[in-house]
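File shown: protein_10.pdb. Contents: PDB, C-alpha atoms.
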```pdb
ATOM      1  CA  MET A 315     -32.044  60.257 272.798
ATOM      2  CA  THR A 316     -29.463  60.934 275.482
ATOM      3  CA  THR A 317     -26.319  58.916 275.674
ATOM      4  CA  THR A 318     -24.782  57.789 278.905
ATOM      5  CA  GLN A 319     -21.051  57.197 278.973
ATOM      6  CA  SER A 320     -19.289  55.083 281.543
ATOM      7  CA  TRP A 321     -15.902  53.486 282.026
ATOM      8  CA  LEU A 322     -15.690  49.689 282.148
ATOM      9  CA  PRO A 323     -12.728  47.460 283.073
ATOM     10  CA  LEU A 324     -11.301  45.390 280.209
ATOM     11  CA  ALA A 325     -12.789  42.094 281.415
ATOM     12  CA  GLU A 326     -16.276  43.509 281.870
ATOM     13  CA  TYR A 327     -16.171  45.294 278.506
ATOM     14  CA  SER A 328     -14.865  42.115 276.888
ATOM     15  CA  ILE A 329     -17.751  40.014 278.213
ATOM     16  CA  LYS A 330     -20.421  42.602 277.497
ATOM     17  CA  HIS A 331     -19.344  43.198 273.889
ATOM     18  CA  GLN A 332     -17.938  39.710 273.171
ATOM     19  CA  VAL A 333     -14.514  41.046 272.254
ATOM     20  CA  SER A 334     -11.337  39.343 273.431
ATOM     21  CA  ILE A 335      -9.138  41.101 275.925
ATOM     22  CA  SER A 336      -6.166  40.769 273.577
ATOM     23  CA  THR A 337      -8.151  42.576 270.870
ATOM     24  CA  LEU A 338      -8.969  45.326 273.319
ATOM     25  CA  ARG A 339      -5.314  45.634 274.292
ATOM     26  CA  ARG A 340      -4.319  45.878 270.616
ATOM     27  CA  ARG A 341      -6.914  48.606 270.101
ATOM     28  CA  ILE A 342      -5.669  50.464 273.164
ATOM     29  CA  LYS A 343      -2.112  50.260 271.841
ATOM     30  CA  ALA A 344      -3.276  51.519 268.431
ATOM     31  CA  GLU A 345      -5.343  54.200 270.195
ATOM     32  CA  ASP A 346      -8.462  53.051 268.313
ATOM     33  CA  ILE A 347     -10.695  53.275 271.403
ATOM     34  CA  GLN A 348     -11.082  55.677 274.283
ATOM     35  CA  TYR A 349      -9.406  54.385 277.415
ATOM     36  CA  ARG A 350      -7.813  55.479 280.631
ATOM     37  CA  PHE A 351      -5.410  53.852 283.057
ATOM     38  CA  ASP A 352      -6.964  54.017 286.511
ATOM     39  CA  GLU A 353      -5.425  52.425 289.637
ATOM     40  CA  GLY A 354      -3.390  49.925 287.625
ATOM     41  CA  LYS A 355      -6.290  48.912 285.364
ATOM     42  CA  TYR A 356      -7.291  49.898 281.874
ATOM     43  CA  MET A 357     -10.796  51.301 281.681
ATOM     44  CA  ILE A 358     -12.616  51.606 278.365
ATOM     45  CA  MET A 359     -15.149  54.286 277.508
ATOM     46  CA  GLU A 360     -18.522  52.766 276.807
ATOM     47  CA  ASP A 361     -21.246  54.586 274.941
ATOM     48  CA  GLU A 362     -24.425  52.830 276.109
ATOM     49  CA  SER A 363     -26.374  54.089 273.105
ATOM     50  CA  ALA A 364     -24.234  51.958 270.823
ATOM     51  CA  ASP A 365     -25.994  48.674 270.053
ATOM     52  CA  GLU A 366     -22.878  46.768 269.132
ATOM     53  CA  HIS A 367     -19.167  47.159 269.402
ATOM     54  CA  ARG A 368     -17.722  49.400 266.726
ATOM     55  CA  PRO A 369     -14.925  47.921 264.616
ATOM     56  CA  SER A 370     -11.467  49.399 264.755
ATOM     57  CA  LEU A 371     -10.875  52.691 263.005
ATOM     58  CA  ARG A 372      -7.952  51.096 261.230
ATOM     59  CA  SER A 373      -8.807  49.960 257.693
ATOM     60  CA  ASP A 374      -6.880  46.679 257.899
ATOM     61  CA  VAL A 375      -9.291  45.162 260.433
ATOM     62  CA  GLN A 376     -12.043  43.035 258.878
ATOM     63  CA  PRO A 377     -15.619  42.789 260.152
ATOM     64  CA  LYS A 378     -16.110  40.005 262.712
ATOM     65  CA  SER A 379     -17.965  37.578 260.387
ATOM     66  CA  ALA A 380     -15.445  37.993 257.559
ATOM     67  CA  SER A 381     -12.619  37.626 260.042
ATOM     68  CA  LEU A 382     -14.073  34.378 261.437
ATOM     69  CA  HIS A 383     -14.561  32.974 257.931
ATOM     70  CA  THR A 384     -10.993  33.910 256.993
ATOM     71  CA  GLN A 385      -9.701  32.408 260.229
ATOM     72  CA  ASN A 386     -11.583  29.120 259.643
ATOM     73  CA  THR A 387     -10.339  28.944 256.045
ATOM     74  CA  GLN A 388      -6.766  29.624 257.165
ATOM     75  CA  GLN A 389      -7.035  26.963 259.868
ATOM     76  CA  GLN A 390      -8.321  24.432 257.319
ATOM     77  CA  ASP A 391      -5.568  25.374 254.860
ATOM     78  CA  ALA A 392      -3.005  25.223 257.650
ATOM     79  CA  GLY A 393      -4.353  21.833 258.728
ATOM     80  CA  GLU A 394      -4.126  20.502 255.194
ATOM     81  CA  SER A 395      -0.675  21.964 254.646
ATOM     82  CA  VAL A 396       0.512  20.497 257.952
ATOM     83  CA  ILE A 397      -0.785  17.070 256.905
ATOM     84  CA  THR A 398       0.794  17.427 253.466
ATOM     85  CA  ALA A 399       4.095  18.519 254.982
ATOM     86  CA  ALA A 400       3.968  15.674 257.516
ATOM     87  CA  ASN A 401       3.317  13.142 254.746
ATOM     88  CA  ARG A 402       6.177  14.562 252.682
ATOM     89  CA  LEU A 403       8.510  14.366 255.690
ATOM     90  CA  LEU A 404       7.389  10.815 256.408
ATOM     91  CA  THR A 405       8.120   9.822 252.805
ATOM     92  CA  ASP A 406      11.547  11.478 252.973
ATOM     93  CA  LEU A 407      12.300   9.708 256.254
ATOM     94  CA  LYS A 408      11.307   6.354 254.783
ATOM     95  CA  LYS A 409      13.602   6.934 251.796
ATOM     96  CA  ALA A 410      16.492   7.964 254.037
ATOM     97  CA  TYR A 411      15.915   4.978 256.337
ATOM     98  CA  THR A 412      15.832   2.596 253.366
ATOM     99  CA  GLN A 413      19.043   4.113 252.002
ATOM    100  CA  VAL A 414      20.782   3.788 255.381
ATOM    101  CA  LEU A 415      19.664   0.159 255.645
ATOM    102  CA  GLN A 416      21.008  -0.576 252.155
ATOM    103  CA  GLU A 417      24.349   1.044 253.029
ATOM    104  CA  LYS A 418      24.565  -0.990 256.243
ATOM    105  CA  GLU A 419      23.768  -4.183 254.356
ATOM    106  CA  THR A 420      26.558  -3.378 251.886
ATOM    107  CA  GLN A 421      28.953  -2.780 254.819
ATOM    108  CA  ILE A 422      27.925  -6.066 256.418
ATOM    109  CA  GLN A 423      28.586  -7.942 253.172
ATOM    110  CA  GLY A 424      31.990  -6.295 252.871
ATOM    111  CA  LEU A 425      32.855  -7.189 256.486
ATOM    112  CA  ARG A 426      31.744 -10.810 255.922
ATOM    113  CA  GLN A 427      34.063 -11.026 252.909
ATOM    114  CA  GLU A 428      36.937  -9.564 254.957
ATOM    115  CA  LEU A 429      36.205 -12.043 257.752
ATOM    116  CA  ALA A 430      36.267 -14.935 255.286
ATOM    117  CA  ASP A 431      39.604 -13.655 253.880
ATOM    118  CA  ILE A 432      41.042 -13.339 257.417
ATOM    119  CA  LYS A 433      39.889 -16.881 258.288
ATOM    120  CA  THR A 434      41.583 -18.189 255.153
ATOM    121  CA  LEU A 435      44.747 -16.280 256.048
ATOM    122  CA  VAL A 436      44.681 -17.678 259.614
ATOM    123  CA  LYS A 437      44.364 -21.237 258.242
ATOM    124  CA  VAL A 438      47.260 -20.651 255.868
ATOM    125  CA  LEU A 439      49.422 -19.209 258.667
ATOM    126  CA  GLU A 440      48.514 -22.025 261.085
ATOM    127  CA  SER A 441      49.371 -24.661 258.502
ATOM    128  CA  GLU A 442      52.648 -22.882 257.710
ATOM    129  CA  ASN A 443      53.415 -22.687 261.444
ATOM    130  CA  THR A 444      52.674 -26.373 261.865
ATOM    131  CA  ARG A 445      54.863 -27.269 258.849
ATOM    132  CA  LEU A 446      57.763 -25.198 260.207
ATOM    133  CA  ARG A 447      57.606 -26.845 263.663
ATOM    134  CA  ASN A 448      57.724 -30.279 262.255
TER
END
```
Could you write out this structure as structure tokens?
Amino acid sequence: MTTTQSWLPLAEYSIKHQVSISTLRRRIKAEDIQYRFDEGKYMIMEDESADEHRPSLRSDVQPKSASLHTQNTQQQDAGESVITAANRLLTDLKKAYTQVLQEKETQIQGLRQELADIKTLVKVLESENTRLRN
């Protein structure tokens, strides 16, 4: 069987092989695929005898199905951890709000007592003033 090789632009290669452009750019940067820079565009070598896109030569890249499963699991875990963190923050905010309200109530009670003391003092001074004028 003869193989025909051609150069495809990133977007065309991406659509044909169902690989994201960002993945292709990462592979270009890692020099995991054959490419060339032609007239301001990256072109990727395509081997038409290949039935599906070959995974990266780097060992840390998972197969597509395993990667999708891992991604979904991470998204679920992230979703749950975000909800858990949000609930914890909400609880902390409620506690802080309750504490602030209690402190304000204590301040209000103290100010009411001071106001009552000042009113008493004013009455005493007014009566003393009246007594001294007479």
Resolved residues for the PyMOL selection byres ((chain A and resi 337) around 12) as a ChimeraX atom specification: /A:324-325,327-328,331-336,338-347,369-370,375,378
Go through the shown structure with the PyMOL selection byres ((chain A and resi 348-359) around 7) and write out the matching residues as a CSV table (one decimal) with C-alpha atoms, in the frame of the given file.
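Below is the file expr22.csv, written as the result:
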```csv
chain,number,residue,atom,x,y,z
A,319,GLN,CA,-21.1,57.2,279.0
A,320,SER,CA,-19.3,55.1,281.5
A,321,TRP,CA,-15.9,53.5,282.0
A,322,LEU,CA,-15.7,49.7,282.1
A,323,PRO,CA,-12.7,47.5,283.1
A,324,LEU,CA,-11.3,45.4,280.2
A,342,ILE,CA,-5.7,50.5,273.2
A,347,ILE,CA,-10.7,53.3,271.4
A,360,GLU,CA,-18.5,52.8,276.8
A,361,ASP,CA,-21.2,54.6,274.9
```
Atom-to-atom span, atom CA of Lys437 of chain A and atom CA of Gln421 of chain A, Å: 24.3 Å
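Atom CA of Leu435 of chain A to atom CA of Lys418 of chain A spans 25.3 Å [interatomic distance, one decimal].
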Interatomic distance (Å, one decimal) between atom CA of Leu407 of chain A and atom CA of Glu419 of chain A: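 We find that atom CA of Leu407 of chain A and atom CA of Glu419 of chain A lie 18.1 Å from each other.
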